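Data file: final-v9.cif. Format and content: mmCIF, C-alpha atoms.
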data_my_file
loop_
_atom_site.group_PDB
_atom_site.id
_atom_site.type_symbol
_atom_site.label_atom_id
_atom_site.label_comp_id
_atom_site.auth_asym_id
_atom_site.auth_seq_id
_atom_site.Cartn_x
_atom_site.Cartn_y
_atom_site.Cartn_z
ATOM 1 C CA MET A 1 6.753 116.293 180.411
ATOM 2 C CA ALA A 2 6.064 119.666 182.005
ATOM 3 C CA LYS A 3 4.664 119.541 185.529
ATOM 4 C CA ASN A 4 1.860 121.860 186.601
ATOM 5 C CA VAL A 5 2.399 123.431 190.003
ATOM 6 C CA LEU A 6 0.056 124.912 192.608
ATOM 7 C CA LEU A 7 1.553 127.567 194.915
ATOM 8 C CA VAL A 8 -0.330 128.013 198.192
ATOM 9 C CA ASP A 9 0.604 131.051 200.301
ATOM 10 C CA ASP A 10 -1.421 133.925 201.767
ATOM 11 C CA SER A 11 1.310 136.349 200.632
ATOM 12 C CA SER A 12 0.960 137.285 196.962
ATOM 13 C CA THR A 13 4.536 138.552 197.131
ATOM 14 C CA MET A 14 5.792 135.173 198.278
ATOM 15 C CA ARG A 15 3.826 133.417 195.526
ATOM 16 C CA LYS A 16 5.581 135.645 192.968
ATOM 17 C CA ILE A 17 8.976 134.962 194.568
ATOM 18 C CA VAL A 18 8.421 131.210 194.564
ATOM 19 C CA SER A 19 7.165 131.339 190.985
ATOM 20 C CA ARG A 20 10.326 133.187 189.997
ATOM 21 C CA SER A 21 12.511 130.649 191.818
ATOM 22 C CA LEU A 22 10.745 127.778 190.065
ATOM 23 C CA ARG A 23 11.377 129.313 186.659
ATOM 24 C CA GLN A 24 15.006 130.078 187.541
ATOM 25 C CA ALA A 25 15.551 126.516 188.767
ATOM 26 C CA GLY A 26 15.474 125.340 185.166
ATOM 27 C CA LEU A 27 13.035 122.519 185.853
ATOM 28 C CA ASP A 28 10.287 121.638 183.381
ATOM 29 C CA PHE A 29 7.314 123.441 184.890
ATOM 30 C CA GLY A 30 4.110 123.996 182.929
ATOM 31 C CA ASP A 31 1.219 125.989 184.334
ATOM 32 C CA ILE A 32 1.707 127.607 187.740
ATOM 33 C CA TYR A 33 -1.548 128.024 189.678
ATOM 34 C CA GLU A 34 -1.921 130.079 192.853
ATOM 35 C CA ALA A 35 -4.078 129.915 195.964
ATOM 36 C CA GLY A 36 -4.200 132.154 199.031
ATOM 37 C CA ASP A 37 -5.018 129.475 201.591
ATOM 38 C CA GLY A 38 -5.835 125.817 201.977
ATOM 39 C CA LEU A 39 -9.487 126.243 201.049
ATOM 40 C CA GLU A 40 -8.647 127.902 197.741
ATOM 41 C CA ALA A 41 -5.980 125.259 197.140
ATOM 42 C CA LEU A 42 -8.531 122.453 197.462
ATOM 43 C CA GLU A 43 -10.791 124.233 194.958
ATOM 44 C CA VAL A 44 -7.927 124.533 192.461
ATOM 45 C CA LEU A 45 -6.942 120.887 192.909
ATOM 46 C CA GLU A 46 -10.516 119.768 192.230
ATOM 47 C CA LYS A 47 -10.721 121.823 189.010
ATOM 48 C CA GLU A 48 -7.246 121.877 187.456
ATOM 49 C CA SER A 49 -4.620 119.308 186.533
ATOM 50 C CA VAL A 50 -1.899 119.825 189.144
ATOM 51 C CA ASP A 51 1.170 117.614 189.493
ATOM 52 C CA ILE A 52 2.966 119.202 192.469
ATOM 53 C CA VAL A 53 1.834 121.473 195.326
ATOM 54 C CA LEU A 54 4.058 123.888 197.243
ATOM 55 C CA SER A 55 2.247 125.065 200.355
ATOM 56 C CA ASP A 56 2.977 127.486 203.164
ATOM 57 C CA ILE A 57 2.080 126.353 206.673
ATOM 58 C CA ASN A 58 0.817 129.473 208.461
ATOM 59 C CA MET A 59 -2.188 130.792 206.522
ATOM 60 C CA PRO A 60 -5.610 132.126 207.515
ATOM 61 C CA ASN A 61 -8.889 130.256 206.850
ATOM 62 C CA MET A 62 -7.180 126.878 206.342
ATOM 63 C CA ASN A 63 -3.494 126.465 207.182
ATOM 64 C CA GLY A 64 -1.055 124.071 205.544
ATOM 65 C CA ILE A 65 -1.534 121.301 208.094
ATOM 66 C CA GLU A 66 -5.334 121.484 207.847
ATOM 67 C CA PHE A 67 -5.013 121.509 204.039
ATOM 68 C CA LEU A 68 -2.959 118.289 204.119
ATOM 69 C CA ARG A 69 -5.452 116.657 206.437
ATOM 70 C CA GLU A 70 -8.439 117.574 204.253
ATOM 71 C CA LYS A 71 -6.652 116.678 201.012
ATOM 72 C CA SER A 72 -5.721 113.223 202.310
ATOM 73 C CA GLY A 73 -9.419 112.366 202.526
ATOM 74 C CA ARG A 74 -10.277 113.242 198.931
ATOM 75 C CA ASP A 75 -9.795 110.369 196.471
ATOM 76 C CA GLY A 76 -9.155 112.433 193.340
ATOM 77 C CA ILE A 77 -6.394 114.585 194.821
ATOM 78 C CA LYS A 78 -4.933 112.775 197.822
ATOM 79 C CA ASP A 79 -1.917 111.406 195.931
ATOM 80 C CA ILE A 80 -0.674 114.738 194.510
ATOM 81 C CA PRO A 81 2.720 115.360 196.182
ATOM 82 C CA VAL A 82 2.913 118.359 198.520
ATOM 83 C CA PHE A 83 6.047 120.208 199.592
ATOM 84 C CA MET A 84 5.826 122.601 202.524
ATOM 85 C CA ILE A 85 7.402 126.025 202.027
ATOM 86 C CA SER A 86 7.755 127.780 205.304
ATOM 87 C CA THR A 87 9.846 129.844 207.631
ATOM 88 C CA GLU A 88 9.397 127.069 210.143
ATOM 89 C CA THR A 89 11.322 123.876 209.639
ATOM 90 C CA GLY A 90 11.374 122.547 213.151
ATOM 91 C CA ASP A 91 11.153 118.788 213.379
ATOM 92 C CA ASP A 92 7.718 118.914 215.002
ATOM 93 C CA ILE A 93 5.855 120.927 212.346
ATOM 94 C CA ILE A 94 7.530 119.266 209.369
ATOM 95 C CA GLY A 95 7.129 115.882 211.044
ATOM 96 C CA GLU A 96 3.428 116.527 211.422
ATOM 97 C CA ALA A 97 3.213 117.607 207.777
ATOM 98 C CA LYS A 98 4.988 114.458 206.635
ATOM 99 C CA SER A 99 2.744 112.276 208.761
ATOM 100 C CA LEU A 100 -0.149 113.824 206.817
ATOM 101 C CA GLY A 101 1.450 113.086 203.453
ATOM 102 C CA ALA A 102 3.869 115.952 202.698
ATOM 103 C CA VAL A 103 6.875 114.624 200.800
ATOM 104 C CA GLY A 104 9.397 117.365 201.583
ATOM 105 C CA ALA A 105 10.029 120.942 202.702
ATOM 106 C CA LEU A 106 11.696 124.126 201.473
ATOM 107 C CA LYS A 107 12.769 126.637 204.110
ATOM 108 C CA LYS A 108 12.372 130.337 203.340
ATOM 109 C CA PRO A 109 14.560 131.959 202.174
ATOM 110 C CA PHE A 110 15.532 129.539 199.431
ATOM 111 C CA THR A 111 17.378 129.789 196.147
ATOM 112 C CA PRO A 112 16.669 128.277 192.711
ATOM 113 C CA ASP A 113 19.476 125.775 193.455
ATOM 114 C CA LYS A 114 17.606 124.602 196.542
ATOM 115 C CA VAL A 115 14.400 124.284 194.514
ATOM 116 C CA ASN A 116 16.316 122.121 192.065
ATOM 117 C CA GLU A 117 17.723 119.964 194.831
ATOM 118 C CA VAL A 118 14.390 119.331 196.558
ATOM 119 C CA LEU A 119 11.983 119.185 193.613
ATOM 120 C CA GLY A 120 14.320 117.831 190.948
ATOM 121 C CA PRO A 121 13.838 114.171 191.900
ATOM 122 C CA PHE A 122 10.064 114.576 191.523
ATOM 123 C CA MET A 123 10.164 116.071 188.023
ATOM 124 C CA MET B 1 17.672 135.366 228.803
ATOM 125 C CA GLY B 2 20.075 138.033 230.104
ATOM 126 C CA ASP B 3 21.236 140.288 227.283
ATOM 127 C CA PHE B 4 20.868 139.365 223.615
ATOM 128 C CA SER B 5 24.610 139.095 222.948
ATOM 129 C CA ASP B 6 24.476 135.388 222.106
ATOM 130 C CA ILE B 7 21.655 135.638 219.605
ATOM 131 C CA ILE B 8 22.386 138.970 217.918
ATOM 132 C CA PRO B 9 25.032 137.486 215.559
ATOM 133 C CA LYS B 10 22.566 134.765 214.543
ATOM 134 C CA VAL B 11 19.824 137.316 213.890
ATOM 135 C CA VAL B 12 22.292 139.323 211.806
ATOM 136 C CA ASP B 13 23.232 136.229 209.787
ATOM 137 C CA ALA B 14 19.570 135.342 209.238
ATOM 138 C CA THR B 15 18.792 138.889 208.070
ATOM 139 C CA VAL B 16 21.700 138.883 205.638
ATOM 140 C CA GLU B 17 20.641 135.465 204.316
ATOM 141 C CA ILE B 18 17.090 136.654 203.666
ATOM 142 C CA PHE B 19 18.264 139.747 201.818
ATOM 143 C CA THR B 20 20.915 137.907 199.838
ATOM 144 C CA GLY B 21 18.774 134.896 198.967
ATOM 145 C CA MET B 22 15.318 136.394 198.497
ATOM 146 C CA VAL B 23 15.609 140.149 198.043
ATOM 147 C CA MET B 24 18.841 139.862 196.021
ATOM 148 C CA MET B 25 20.225 142.833 197.930
ATOM 149 C CA GLU B 26 23.547 143.193 199.752
ATOM 150 C CA ILE B 27 23.217 144.461 203.315
ATOM 151 C CA SER B 28 25.430 144.677 206.367
ATOM 152 C CA GLN B 29 25.111 145.410 210.076
ATOM 153 C CA GLN B 30 25.682 149.111 210.620
ATOM 154 C CA GLY B 31 27.182 149.820 214.035
ATOM 155 C CA GLU B 32 26.409 148.513 217.481
ATOM 156 C CA PRO B 33 22.923 147.423 218.581
ATOM 157 C CA LEU B 34 20.716 150.087 220.145
ATOM 158 C CA VAL B 35 18.438 149.915 223.151
ATOM 159 C CA GLU B 36 15.599 151.778 221.469
ATOM 160 C CA LEU B 37 14.852 153.506 218.176
ATOM 161 C CA GLY B 38 12.851 156.634 218.986
ATOM 162 C CA ASN B 39 10.599 158.344 216.428
ATOM 163 C CA ILE B 40 10.301 156.614 213.065
ATOM 164 C CA LYS B 41 9.632 158.827 210.034
ATOM 165 C CA ASP B 42 8.315 158.116 206.521
ATOM 166 C CA SER B 43 8.639 154.398 207.140
ATOM 167 C CA ILE B 44 6.884 151.063 207.148
ATOM 168 C CA THR B 45 7.258 148.398 209.834
ATOM 169 C CA GLY B 46 6.623 144.688 209.429
ATOM 170 C CA MET B 47 6.131 142.642 212.575
ATOM 171 C CA VAL B 48 5.265 139.225 213.961
ATOM 172 C CA GLY B 49 4.208 138.458 217.509
ATOM 173 C CA LEU B 50 5.939 135.796 219.549
ATOM 174 C CA ALA B 51 4.016 133.623 222.006
ATOM 175 C CA GLY B 52 4.580 130.439 223.942
ATOM 176 C CA THR B 53 7.141 130.004 226.716
ATOM 177 C CA HIS B 54 8.350 133.568 226.118
ATOM 178 C CA LYS B 55 6.241 136.389 224.734
ATOM 179 C CA GLY B 56 7.581 139.140 222.539
ATOM 180 C CA MET B 57 7.727 140.655 219.103
ATOM 181 C CA LEU B 58 9.991 140.840 216.089
ATOM 182 C CA ALA B 59 9.793 143.987 213.958
ATOM 183 C CA VAL B 60 11.647 145.274 210.928
ATOM 184 C CA HIS B 61 11.548 149.035 210.289
ATOM 185 C CA PHE B 62 12.208 150.275 206.747
ATOM 186 C CA PRO B 63 12.279 153.809 205.328
ATOM 187 C CA ASN B 64 9.773 154.079 202.482
ATOM 188 C CA SER B 65 12.530 154.357 199.868
ATOM 189 C CA LEU B 66 14.047 151.027 200.923
ATOM 190 C CA ALA B 67 10.651 149.343 201.231
ATOM 191 C CA LEU B 68 9.897 150.346 197.638
ATOM 192 C CA ALA B 69 13.277 149.014 196.478
ATOM 193 C CA ILE B 70 12.701 145.711 198.276
ATOM 194 C CA THR B 71 9.256 145.276 196.741
ATOM 195 C CA THR B 72 10.557 146.216 193.300
ATOM 196 C CA SER B 73 13.182 143.500 193.657
ATOM 197 C CA PHE B 74 10.635 140.938 194.874
ATOM 198 C CA LEU B 75 8.110 141.577 192.133
ATOM 199 C CA GLY B 76 10.431 142.401 189.236
ATOM 200 C CA MET B 77 8.567 145.594 188.421
ATOM 201 C CA ASP B 78 8.884 149.232 189.505
ATOM 202 C CA ILE B 79 6.935 150.058 192.666
ATOM 203 C CA GLU B 80 6.546 153.775 193.254
ATOM 204 C CA GLU B 81 4.239 154.108 196.227
ATOM 205 C CA ILE B 82 3.479 152.333 199.502
ATOM 206 C CA ASN B 83 0.609 150.042 198.526
ATOM 207 C CA GLU B 84 -0.690 146.560 199.343
ATOM 208 C CA ASP B 85 2.197 144.920 197.498
ATOM 209 C CA VAL B 86 4.700 146.812 199.668
ATOM 210 C CA GLN B 87 2.807 145.924 202.836
ATOM 211 C CA ASP B 88 2.754 142.296 201.759
ATOM 212 C CA ALA B 89 6.475 142.275 200.926
ATOM 213 C CA ILE B 90 7.516 143.892 204.195
ATOM 214 C CA GLY B 91 5.204 141.590 206.123
ATOM 215 C CA GLU B 92 6.860 138.642 204.426
ATOM 216 C CA ILE B 93 10.339 139.901 205.406
ATOM 217 C CA ALA B 94 9.151 140.010 209.026
ATOM 218 C CA ASN B 95 7.600 136.559 208.613
ATOM 219 C CA MET B 96 10.814 134.995 207.279
ATOM 220 C CA LEU B 97 12.974 136.633 209.917
ATOM 221 C CA GLY B 98 10.472 135.632 212.581
ATOM 222 C CA GLY B 99 10.814 132.029 211.491
ATOM 223 C CA ASN B 100 14.572 132.245 211.820
ATOM 224 C CA VAL B 101 14.311 133.878 215.251
ATOM 225 C CA LYS B 102 11.962 131.100 216.300
ATOM 226 C CA THR B 103 14.598 128.534 215.303
ATOM 227 C CA ILE B 104 17.346 130.498 217.093
ATOM 228 C CA LEU B 105 15.295 130.637 220.287
ATOM 229 C CA SER B 106 14.264 127.005 219.945
ATOM 230 C CA ASP B 107 17.950 126.067 220.049
ATOM 231 C CA LYS B 108 18.016 127.768 223.479
ATOM 232 C CA GLY B 109 15.087 125.658 224.649
ATOM 233 C CA TYR B 110 12.358 128.240 224.076
ATOM 234 C CA ASP B 111 9.065 127.018 222.577
ATOM 235 C CA ILE B 112 7.818 129.923 220.471
ATOM 236 C CA GLN B 113 4.830 130.286 218.158
ATOM 237 C CA LEU B 114 4.581 133.064 215.588
ATOM 238 C CA SER B 115 1.617 135.236 214.735
ATOM 239 C CA LEU B 116 0.730 136.055 211.149
ATOM 240 C CA PRO B 117 2.662 139.145 210.039
ATOM 241 C CA SER B 118 1.235 142.651 210.059
ATOM 242 C CA THR B 119 2.487 146.065 208.988
ATOM 243 C CA ILE B 120 2.120 149.695 209.974
ATOM 244 C CA SER B 121 3.323 152.734 208.076
ATOM 245 C CA GLY B 122 3.190 156.499 208.294
ATOM 246 C CA GLU B 123 4.916 159.827 208.243
ATOM 247 C CA GLU B 124 5.910 159.612 211.895
ATOM 248 C CA TYR B 125 5.295 157.038 214.614
ATOM 249 C CA THR B 126 6.907 155.624 217.702
ATOM 250 C CA PHE B 127 7.287 151.939 218.409
ATOM 251 C CA LEU B 128 7.085 151.431 222.156
ATOM 252 C CA ALA B 129 8.160 148.199 223.796
ATOM 253 C CA ASP B 130 6.316 146.769 226.762
ATOM 254 C CA LYS B 131 8.346 147.776 229.814
ATOM 255 C CA ASP B 132 8.517 144.175 230.986
ATOM 256 C CA LEU B 133 10.217 143.015 227.786
ATOM 257 C CA LYS B 134 13.922 143.042 227.028
ATOM 258 C CA GLN B 135 14.563 144.993 223.803
ATOM 259 C CA VAL B 136 17.344 145.266 221.233
ATOM 260 C CA VAL B 137 17.477 147.165 217.923
ATOM 261 C CA ILE B 138 20.028 146.049 215.312
ATOM 262 C CA PRO B 139 20.890 148.641 212.640
ATOM 263 C CA PHE B 140 21.579 147.586 209.051
ATOM 264 C CA SER B 141 22.726 149.363 205.923
ATOM 265 C CA ALA B 142 21.295 148.658 202.448
ATOM 266 C CA PRO B 143 21.891 150.422 199.128
ATOM 267 C CA ALA B 144 18.572 152.305 199.349
ATOM 268 C CA GLY B 145 18.775 153.189 203.027
ATOM 269 C CA ASP B 146 19.304 152.037 206.580
ATOM 270 C CA PHE B 147 16.844 149.769 208.365
ATOM 271 C CA TYR B 148 16.437 148.226 211.795
ATOM 272 C CA VAL B 149 15.577 144.819 213.181
ATOM 273 C CA GLU B 150 13.949 145.055 216.594
ATOM 274 C CA LEU B 151 13.480 142.132 218.962
ATOM 275 C CA GLU B 152 11.487 142.328 222.172
ATOM 276 C CA LEU B 153 11.370 139.290 224.446
ATOM 277 C CA GLU B 154 10.207 138.279 227.859
ATOM 278 C CA GLU B 155 13.105 137.279 230.117
#
Re-express the file's structure as structure tokens.
Amino acid sequence: MAKNVLLVDDSSTMRKIVSRSLRQAGLDFGDIYEAGDGLEALEVLEKESVDIVLSDINMPNMNGIEFLREKSGRDGIKDIPVFMISTETGDDIIGEAKSLGAVGALKKPFTPDKVNEVLGPFM
Amino acid sequence: MGDFSDIIPKVVDATVEIFTGMVMMEISQQGEPLVELGNIKDSITGMVGLAGTHKGMLAVHFPNSLALAITTSFLGMDIEEINEDVQDAIGEIANMLGGNVKTILSDKGYDIQLSLPSTISGEEYTFLADKDLKQVVIPFSAPAGDFYVELELEE
């Protein structure tokens, strides 16, 4: 069954790149929603049926870590898996994201093959 | 820090990886690193600030023609003028390279945080480094023009 995805990144260019990589990965994605920061992402999650979230870390208004923290306290959306997509993959920032519920990470730049490798098991 | 000789090859590799993997564009280092760039014409610069144990800045300077080609490749549609999409794309290049530079410096024991990216563009401008920062400019060649990666860092 096709999975609906939410892309969270303050760069519209990066959201288009990630969207392209998802399509090229050959996985069964349905609707792809977009949000420019954590606040918008929470609004989308409350309104739409989303199966997987890919979120940047460094964003204005509400960053990826703050988004995870807020999401974890909302019953209707707390169990939706979140993957961090970021230029930063140091153990500390990804460790903090995972302690707040993130299930994995994709380091920019990434290829469709990498998308397949990381997200494939969750499809 | 001394000179940048130990990190320049890693910055080059990171730049090539970004262009190959994300921009889908073949690039290569073009000549020896420079100390400074001088006047920049008809260009756009993406940059991220570095803070933490060592302050500095990472900038990528593109001629407009190459910036348009990069954005066209990113978005999959023809981009013909420097607009918000181009600024966003170039900012994202700086952001990705900044993340790699952060990792490179972290391996040397530096604890660096990155700012959000920003861009400047114009017909002619000069990018001046703080005199207390060590500076290196790495030239690259791409199909649509030459560009430069500039790193400034506190010693």
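Using only C-alpha atoms, the shortest contact distance between Phe62 in chain B and any of B:Leu114, B:Leu128, B:Ile120, B:Val11 is found at B:Ile120.
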Using all atoms listed in the file, determine which residues of chain A fall within 8 Å of chain B; present them as a PDB file with C-alpha atoms, keeping the file's coordinate frame.
ATOM      1  CA  SER A  11       1.310 136.349 200.632  1.00  0.00           C
ATOM      2  CA  SER A  12       0.960 137.285 196.962  1.00  0.00           C
ATOM      3  CA  THR A  13       4.536 138.552 197.131  1.00  0.00           C
ATOM      4  CA  MET A  14       5.792 135.173 198.278  1.00  0.00           C
ATOM      5  CA  LYS A  16       5.581 135.645 192.968  1.00  0.00           C
ATOM      6  CA  ILE A  17       8.976 134.962 194.568  1.00  0.00           C
ATOM      7  CA  ASN A  58       0.817 129.473 208.461  1.00  0.00           C
ATOM      8  CA  MET A  59      -2.188 130.792 206.522  1.00  0.00           C
ATOM      9  CA  THR A  87       9.846 129.844 207.631  1.00  0.00           C
ATOM     10  CA  GLU A  88       9.397 127.069 210.143  1.00  0.00           C
ATOM     11  CA  GLY A  90      11.374 122.547 213.151  1.00  0.00           C
ATOM     12  CA  LYS A 108      12.372 130.337 203.340  1.00  0.00           C
ATOM     13  CA  PRO A 109      14.560 131.959 202.174  1.00  0.00           C
ATOM     14  CA  PHE A 110      15.532 129.539 199.431  1.00  0.00           C
ATOM     15  CA  THR A 111      17.378 129.789 196.147  1.00  0.00           C
TER      16      THR A 111
END
> What does the PyMOL selection byres ((chain B and resi 63) around 9) select in this file, as JSON, numbers by chain?
Replying inline: {"B": [40, 41, 42, 43, 44, 45, 61, 62, 64, 65, 66, 67, 68, 144, 145, 146, 147]}
Please dump the current selection as a PDB file, in the coordinates of the input; keep C-alpha atoms.
ATOM      1  CA  ILE B  40      10.301 156.614 213.065  1.00  0.00           C
ATOM      2  CA  LYS B  41       9.632 158.827 210.034  1.00  0.00           C
ATOM      3  CA  ASP B  42       8.315 158.116 206.521  1.00  0.00           C
ATOM      4  CA  SER B  43       8.639 154.398 207.140  1.00  0.00           C
ATOM      5  CA  ILE B  44       6.884 151.063 207.148  1.00  0.00           C
ATOM      6  CA  THR B  45       7.258 148.398 209.834  1.00  0.00           C
ATOM      7  CA  HIS B  61      11.548 149.035 210.289  1.00  0.00           C
ATOM      8  CA  PHE B  62      12.208 150.275 206.747  1.00  0.00           C
ATOM      9  CA  ASN B  64       9.773 154.079 202.482  1.00  0.00           C
ATOM     10  CA  SER B  65      12.530 154.357 199.868  1.00  0.00           C
ATOM     11  CA  LEU B  66      14.047 151.027 200.923  1.00  0.00           C
ATOM     12  CA  ALA B  67      10.651 149.343 201.231  1.00  0.00           C
ATOM     13  CA  LEU B  68       9.897 150.346 197.638  1.00  0.00           C
ATOM     14  CA  ALA B 144      18.572 152.305 199.349  1.00  0.00           C
ATOM     15  CA  GLY B 145      18.775 153.189 203.027  1.00  0.00           C
ATOM     16  CA  ASP B 146      19.304 152.037 206.580  1.00  0.00           C
ATOM     17  CA  PHE B 147      16.844 149.769 208.365  1.00  0.00           C
TER      18      PHE B 147
END
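The spacing separating CA of Ala105 in chain A from CA of Tyr148 in chain B amounts to 29.5 Å.
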> What is the CA of Leu105 in chain B-CA of Val18 in chain A distance in Å, reported with one decimal?
Replying inline: 26.6 Å
Determine, counting only C-alpha atoms, which protein, DNA and RNA residues have an atom within 9 Å of an atom of Asp51 in chain A; residues of the same chain fewer than 3 positions away are not included. Present the result as a PDB file with C-alpha atoms, in the coordinates of the input.
ATOM      1  CA  LYS A   3       4.664 119.541 185.529  1.00  0.00           C
ATOM      2  CA  ASN A   4       1.860 121.860 186.601  1.00  0.00           C
ATOM      3  CA  VAL A   5       2.399 123.431 190.003  1.00  0.00           C
ATOM      4  CA  LEU A   6       0.056 124.912 192.608  1.00  0.00           C
ATOM      5  CA  ILE A  80      -0.674 114.738 194.510  1.00  0.00           C
ATOM      6  CA  PRO A  81       2.720 115.360 196.182  1.00  0.00           C
TER       7      PRO A  81
END
If we count only C-alpha atoms, what is near Gly38 in chain A at a cut-off of 8 Å, once residues fewer than 4 positions away on the same chain are taken out, given as a PDB file with C-alpha atoms, in the frame of the given file?
ATOM      1  CA  VAL A   8      -0.330 128.013 198.192  1.00  0.00           C
ATOM      2  CA  LEU A  42      -8.531 122.453 197.462  1.00  0.00           C
ATOM      3  CA  MET A  59      -2.188 130.792 206.522  1.00  0.00           C
ATOM      4  CA  ASN A  61      -8.889 130.256 206.850  1.00  0.00           C
ATOM      5  CA  MET A  62      -7.180 126.878 206.342  1.00  0.00           C
ATOM      6  CA  ASN A  63      -3.494 126.465 207.182  1.00  0.00           C
ATOM      7  CA  GLY A  64      -1.055 124.071 205.544  1.00  0.00           C
ATOM      8  CA  GLU A  66      -5.334 121.484 207.847  1.00  0.00           C
ATOM      9  CA  PHE A  67      -5.013 121.509 204.039  1.00  0.00           C
TER      10      PHE A  67
END
> From the list A:Leu45, A:Met84, A:Val50, A:Ile57, which residue is nearest Ile32 in chain A when using only C-alpha atoms?
Replying inline: A:Val50
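If you apply the PyMOL selection byres ((chain B and resi 135) around 6) to this structure, you end up with Lys134, Val136, Leu151 and Glu152 of chain B.
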I'd like the neighbourhood of Pro33 in chain B as an mmCIF file with C-alpha atoms, keeping the file's coordinate frame, where a residue qualifies if any of its atoms comes within 10 Å (using all atoms listed in the file), though same-chain residues fewer than 5 positions away should be ignored.
data_model
loop_
_atom_site.group_PDB
_atom_site.id
_atom_site.type_symbol
_atom_site.label_atom_id
_atom_site.label_comp_id
_atom_site.auth_asym_id
_atom_site.auth_seq_id
_atom_site.Cartn_x
_atom_site.Cartn_y
_atom_site.Cartn_z
ATOM 1 C CA PHE B 4 20.868 139.365 223.615
ATOM 2 C CA SER B 5 24.610 139.095 222.948
ATOM 3 C CA ILE B 8 22.386 138.970 217.918
ATOM 4 C CA VAL B 136 17.344 145.266 221.233
ATOM 5 C CA VAL B 137 17.477 147.165 217.923
ATOM 6 C CA ILE B 138 20.028 146.049 215.312
ATOM 7 C CA PRO B 139 20.890 148.641 212.640
ATOM 8 C CA PHE B 140 21.579 147.586 209.051
ATOM 9 C CA TYR B 148 16.437 148.226 211.795
ATOM 10 C CA VAL B 149 15.577 144.819 213.181
ATOM 11 C CA GLU B 150 13.949 145.055 216.594
#
As AutoDock Vina command-line options, please: the centre and edge lengths in Å, to one decimal, of an axis-aligned box enclosing every listed atom of range 48-58 of chain A with 4 Å added on each side.
--center_x -1.6 --center_y 123.5 --center_z 197.5 --size_x 19.3 --size_y 19.9 --size_z 29.9
>> the PyMOL selection byres ((chain A and resi 79) around 12) - which residues does that actually catch in the file I just gave you? List them as a list of chain:residue names.
In response: A:Leu45, A:Val50, A:Asp51, A:Ile52, A:Val53, A:Leu68, A:Lys71, A:Ser72, A:Gly73, A:Arg74, A:Asp75, A:Gly76, A:Ile77, A:Lys78, A:Ile80, A:Pro81, A:Val82, A:Leu100, A:Gly101, A:Ala102, A:Val103
>> If I take CA of Pro60 in chain A and CA of Asn116 in chain A, how far is one from the other in Å, to one decimal?
In response: 28.6 Å
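Checking A:Gly30, A:Gly104, A:Ile93, A:Lys98 one by one against Ser49 in chain A, counting only C-alpha atoms, you find the shortest gap at A:Gly30.
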